[in-house]
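Chemist: For reference, the file structure_32.pdb (PDB, C-alpha atoms) is included below:
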ATOM      1  CA  MET A   3      19.725-109.518-163.333
ATOM      2  CA  GLU A   4      19.233-111.504-166.515
ATOM      3  CA  ILE A   5      16.947-109.886-169.078
ATOM      4  CA  PRO A   6      16.174-112.409-171.842
ATOM      5  CA  GLY A   7      15.228-110.795-175.155
ATOM      6  CA  VAL A   8      17.126-107.548-174.514
ATOM      7  CA  ALA A   9      20.459-107.463-176.292
ATOM      8  CA  THR A  10      23.236-105.966-174.192
ATOM      9  CA  MET A  11      24.159-103.536-176.985
ATOM     10  CA  GLN A  12      20.535-102.376-177.285
ATOM     11  CA  PHE A  13      20.341-101.872-173.525
ATOM     12  CA  LEU A  14      23.523 -99.778-173.578
ATOM     13  CA  LYS A  15      22.374 -97.699-176.532
ATOM     14  CA  VAL A  16      18.987 -96.915-175.002
ATOM     15  CA  ALA A  17      20.563 -96.074-171.631
ATOM     16  CA  MET A  18      23.164 -93.775-173.168
ATOM     17  CA  ASN A  19      20.682 -92.008-175.441
ATOM     18  CA  GLU A  20      18.109 -91.533-172.671
ATOM     19  CA  GLN A  21      20.818 -90.014-170.516
ATOM     20  CA  ARG A  22      21.840 -87.705-173.377
ATOM     21  CA  LYS A  23      18.204 -86.748-173.982
ATOM     22  CA  ALA A  24      17.797 -85.826-170.290
ATOM     23  CA  ARG A  25      20.809 -83.493-170.635
ATOM     24  CA  GLY A  26      19.382 -81.904-173.791
ATOM     25  CA  GLU A  27      22.002 -83.529-176.035
ATOM     26  CA  ALA A  28      21.436 -85.192-179.377
ATOM     27  CA  GLU A  29      21.272 -88.983-179.522
ATOM     28  CA  LEU A  30      24.422 -90.797-180.549
ATOM     29  CA  THR A  31      24.583 -91.982-184.111
ATOM     30  CA  THR A  32      25.041 -95.727-184.474
ATOM     31  CA  PRO A  33      28.678 -95.369-185.635
ATOM     32  CA  ASP A  34      29.490 -93.060-182.682
ATOM     33  CA  PHE A  35      27.777 -95.424-180.249
ATOM     34  CA  ILE A  36      29.627 -98.473-181.592
ATOM     35  CA  ARG A  37      32.951 -96.609-181.521
ATOM     36  CA  ARG A  38      32.447 -95.643-177.869
ATOM     37  CA  VAL A  39      31.427 -99.162-176.847
ATOM     38  CA  LYS A  40      34.341-100.769-178.718
ATOM     39  CA  GLU A  41      36.811 -98.370-177.115
ATOM     40  CA  ALA A  42      35.480 -98.919-173.581
ATOM     41  CA  ALA A  43      35.117-102.679-174.092
ATOM     42  CA  GLY A  44      38.680-102.904-175.369
ATOM     43  CA  GLU A  45      40.010-101.147-172.275
ATOM     44  CA  LEU A  46      38.107-103.629-170.085
ATOM     45  CA  GLN A  47      39.116-106.663-172.187
ATOM     46  CA  ILE A  48      35.485-107.397-173.060
ATOM     47  CA  ASN A  49      34.879-109.450-176.165
ATOM     48  CA  MET A  50      32.319-107.691-178.387
ATOM     49  CA  ASP A  51      30.593-111.059-178.957
ATOM     50  CA  MET A  52      29.588-110.996-175.300
ATOM     51  CA  LEU A  53      27.724-107.744-175.888
ATOM     52  CA  LYS A  54      25.620-109.308-178.645
ATOM     53  CA  ARG A  55      24.082-111.713-176.144
ATOM     54  CA  PRO A  56      20.944-110.932-174.125
ATOM     55  CA  LEU A  57      21.721-108.816-171.042
ATOM     56  CA  ASN A  58      23.492-110.980-168.448
ATOM     57  CA  VAL A  59      21.939-114.186-169.834
ATOM     58  CA  GLY A  60      24.485-116.966-169.394
ATOM     59  CA  PHE A  61      27.172-114.511-168.291
ATOM     60  CA  SER A  62      29.746-115.827-165.849
ATOM     61  CA  GLY A  63      30.296-113.883-162.627
ATOM     62  CA  GLY A  64      33.315-112.172-164.164
ATOM     63  CA  GLU A  65      31.397-111.281-167.328
ATOM     64  CA  LYS A  66      28.603-109.736-165.264
ATOM     65  CA  LYS A  67      31.092-107.620-163.333
ATOM     66  CA  ARG A  68      32.825-106.523-166.527
ATOM     67  CA  ALA A  69      29.455-105.597-168.033
ATOM     68  CA  GLU A  70      28.680-103.505-164.941
ATOM     69  CA  ILE A  71      32.004-101.678-165.173
ATOM     70  CA  LEU A  72      31.384-101.121-168.899
ATOM     71  CA  GLN A  73      28.036 -99.543-168.042
ATOM     72  CA  MET A  74      29.782 -97.267-165.561
ATOM     73  CA  ALA A  75      32.381 -96.288-168.133
ATOM     74  CA  LEU A  76      29.760 -95.467-170.752
ATOM     75  CA  LEU A  77      27.172 -93.793-168.519
ATOM     76  CA  GLU A  78      29.724 -91.828-166.433
ATOM     77  CA  PRO A  79      27.679 -91.599-163.215
ATOM     78  CA  LYS A  80      28.554 -89.050-160.528
ATOM     79  CA  LEU A  81      28.187 -91.700-157.810
ATOM     80  CA  CYS A  82      29.097 -95.383-158.084
ATOM     81  CA  VAL A  83      28.230 -97.826-155.312
ATOM     82  CA  LEU A  84      30.039-101.139-155.707
ATOM     83  CA  ASP A  85      28.633-103.612-153.204
ATOM     84  CA  GLU A  86      30.911-106.641-152.869
ATOM     85  CA  THR A  87      31.972-106.307-156.482
ATOM     86  CA  ASP A  88      34.824-108.750-155.763
ATOM     87  CA  SER A  89      32.415-111.568-154.930
ATOM     88  CA  GLY A  90      32.926-114.597-157.155
ATOM     89  CA  LEU A  91      35.789-113.144-159.190
ATOM     90  CA  ASP A  92      38.976-114.986-160.002
ATOM     91  CA  ILE A  93      42.204-113.004-159.782
ATOM     92  CA  ASP A  94      42.256-112.077-163.495
ATOM     93  CA  ALA A  95      38.672-110.797-163.448
ATOM     94  CA  LEU A  96      39.370-108.956-160.194
ATOM     95  CA  ARG A  97      42.278-107.112-161.793
ATOM     96  CA  ILE A  98      40.258-106.197-164.874
ATOM     97  CA  VAL A  99      37.374-104.875-162.777
ATOM     98  CA  ALA A 100      39.766-102.964-160.501
ATOM     99  CA  ASP A 101      41.538-101.459-163.500
ATOM    100  CA  GLY A 102      38.157-100.355-164.836
ATOM    101  CA  VAL A 103      37.200 -98.761-161.526
ATOM    102  CA  ASN A 104      40.590 -97.051-161.246
ATOM    103  CA  ALA A 105      40.208 -95.671-164.761
ATOM    104  CA  LEU A 106      36.862 -94.168-163.723
ATOM    105  CA  LYS A 107      38.290 -92.346-160.705
ATOM    106  CA  SER A 108      37.749 -88.639-161.105
ATOM    107  CA  PRO A 109      37.327 -85.540-158.937
ATOM    108  CA  ASP A 110      33.803 -85.348-160.411
ATOM    109  CA  ARG A 111      32.851 -88.901-159.378
ATOM    110  CA  ALA A 112      32.494 -90.547-155.994
ATOM    111  CA  VAL A 113      33.064 -94.301-155.785
ATOM    112  CA  ILE A 114      31.922 -96.198-152.708
ATOM    113  CA  VAL A 115      33.404 -99.697-152.558
ATOM    114  CA  ILE A 116      31.803-102.069-150.060
ATOM    115  CA  THR A 117      33.928-105.115-149.315
ATOM    116  CA  HIS A 118      34.901-107.444-146.498
ATOM    117  CA  TYR A 119      38.278-108.354-147.965
ATOM    118  CA  GLN A 120      41.572-106.575-148.481
ATOM    119  CA  ARG A 121      42.251-108.297-151.805
ATOM    120  CA  LEU A 122      40.098-105.819-153.751
ATOM    121  CA  LEU A 123      41.789-102.916-151.968
ATOM    122  CA  ASP A 124      45.151-104.187-153.157
ATOM    123  CA  TYR A 125      44.035-103.019-156.608
ATOM    124  CA  ILE A 126      41.604-100.191-155.819
ATOM    125  CA  VAL A 127      43.441 -98.101-153.240
ATOM    126  CA  PRO A 128      40.887 -96.251-151.100
ATOM    127  CA  ASP A 129      41.204 -92.607-150.106
ATOM    128  CA  THR A 130      39.152 -93.234-146.969
ATOM    129  CA  VAL A 131      38.082 -96.401-145.139
ATOM    130  CA  HIS A 132      35.000 -96.545-142.928
ATOM    131  CA  VAL A 133      34.052 -99.453-140.665
ATOM    132  CA  LEU A 134      30.310 -99.890-140.290
ATOM    133  CA  TYR A 135      28.746-101.797-137.435
ATOM    134  CA  LYS A 136      25.014-101.984-136.754
ATOM    135  CA  GLY A 137      24.357 -99.185-139.231
ATOM    136  CA  GLN A 138      26.902 -96.788-137.720
ATOM    137  CA  ILE A 139      30.361 -95.713-138.829
ATOM    138  CA  ILE A 140      32.472 -96.745-135.850
ATOM    139  CA  LYS A 141      35.929 -95.986-137.227
ATOM    140  CA  THR A 142      37.399 -94.024-140.117
ATOM    141  CA  GLY A 143      40.924 -94.020-141.448
ATOM    142  CA  ASP A 144      43.083 -94.256-144.531
ATOM    143  CA  LYS A 145      44.099 -97.394-146.423
ATOM    144  CA  SER A 146      46.132 -98.562-143.427
ATOM    145  CA  LEU A 147      42.859 -99.172-141.551
ATOM    146  CA  ALA A 148      41.902-101.817-144.125
ATOM    147  CA  LEU A 149      45.286-103.490-143.668
ATOM    148  CA  GLU A 150      44.817-103.441-139.897
ATOM    149  CA  LEU A 151      41.414-105.106-140.265
ATOM    150  CA  GLU A 152      42.846-107.773-142.549
ATOM    151  CA  ALA A 153      45.566-108.554-140.018
ATOM    152  CA  ASN A 154      43.546-108.334-136.792
ATOM    153  CA  GLY A 155      39.879-108.698-137.692
ATOM    154  CA  TYR A 156      36.989-106.547-136.505
ATOM    155  CA  ALA A 157      36.718-107.627-132.843
ATOM    156  CA  ASP A 158      39.001-104.938-131.346
ATOM    157  CA  ILE A 159      37.360-102.112-133.286
ATOM    158  CA  ILE A 160      33.879-103.316-132.401
ATOM    159  CA  GLY A 161      34.983-103.642-128.756
ATOM    160  CA  GLU A 162      36.237-100.050-128.748
ATOM    161  CA  ALA A 163      32.929 -98.831-130.159
ATOM    162  CA  ALA A 164      30.791-100.758-127.651
TER     163      ALA A 164
END
Turn the structure described in the file into structure tokens.

Modeler:
Amino acid sequence: MEIPGVATMQFLKVAMNEQRKARGEAELTTPDFIRRVKEAAGELQINMDMLKRPLNVGFSGGEKKRAEILQMALLEPKLCVLDETDSGLDIDALRIVADGVNALKSPDRAVIVITHYQRLLDYIVPDTVHVLYKGQIIKTGDKSLALELEANGYADIIGEAA
């Protein structure tokens, strides 16, 4: 969502400091905040000029996705739900986003990736694949299930579940 008038850096700083406050930690100093953002942005190949713009205003699809991954990197959530995060990305942006997600993988963090296409899973290798149909998980497997779906489609699996 575009938020005119709210600088991306200000949004990040408030979010990080509110999170720290909720944990009983001291707010980040401006130099510490900038250092953390520069480090994370560098790893995600995000130009710092982009972060001076209002939040998501005029961002391309790839820039929006990179900004989302940057937020994840800085806020370190325990659960990340990525719903069709590959939508509208060119191959370079897809790789950068996938690299960011892979860097965030941790035993302390669950990442749910929702996608209809194998191409994202070529870069973010899933531990488990679930097929949902009409609100139900109808099949579960490892990464080979995603490859099977890419090759054969959903019809056979849906037929088995019916």

Chemist: Restricting the calculation to only C-alpha atoms: of A:Ala163, A:Leu106, A:Ile126, A:Met3, which residue gets closest to A:Thr142?

Modeler: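 Residue with the minimum atom-to-atom distance to A:Thr142: A:Ala163.
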
Chemist: Nearest to A:Asn49 among A:His132, A:Ala157, A:Ala69, A:Asp110, with distances taken over all atoms listed in the file: which residue is it?

Modeler: A:Ala69

Chemist: Excluding same-chain residues fewer than 6 positions from stretch 12-16 of chain A, what lies within 8 Å of it counting only C-alpha atoms, as a VMD selection string?

Modeler: chain A and resid 35 57 73

Chemist: Nearest to A:Tyr125 among A:Ile93, A:Leu76, A:Ala112, A:Leu53, with distances taken over only C-alpha atoms: which residue is it?

Modeler: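 Smallest separation from A:Tyr125 among the options: A:Ile93.
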
Chemist: May I ask for the distance between atom CA of A:Pro6 and atom CA of A:Val59, given in Å to one decimal place?

Modeler: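 That distance, rounded to one decimal, is 6.4 Å.
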
Chemist: Let me make sure I understand: among A:Thr10, A:Glu152, A:Leu147, A:Pro128, which one has the smallest atom-to-atom distance to A:Pro56 if we use all atoms listed in the file?

Modeler: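 Of the candidates, the smallest distance to A:Pro56 is held by A:Thr10.
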
Chemist: Using only C-alpha atoms, find the one residue out of A:Cys82, A:Ala9, A:Ala75, A:Thr117 that sits nearest to A:Arg38.

Modeler: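 Using only C-alpha atoms, the shortest distance to A:Arg38 belongs to A:Ala75.
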
Chemist: Smallest atom-to-atom distance to A:Tyr135: which of A:Leu122, A:Ile160, A:Glu45, A:Val83, using only C-alpha atoms?

Modeler: A:Ile160

Chemist: What is the atom CA of A:Leu149-atom CA of A:Ser62 distance in Å, reported with one decimal?

Modeler: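 Result for atom CA of A:Leu149 versus atom CA of A:Ser62: 29.8 Å, one decimal.
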
Chemist: What separation in Å, quoted to one decimal, exists between atom CA of A:Lys141 and atom CA of A:Val113?

Modeler: 18.9 Å

Chemist: Do you know which residues are at most 10 Å from stretch 28-32 of chain A counting all atoms listed in the file, after dropping those on the same chain fewer than 5 positions away, and could you put them as a ChimeraX atom specification?

Modeler: /A:15-16,18-23,37-38
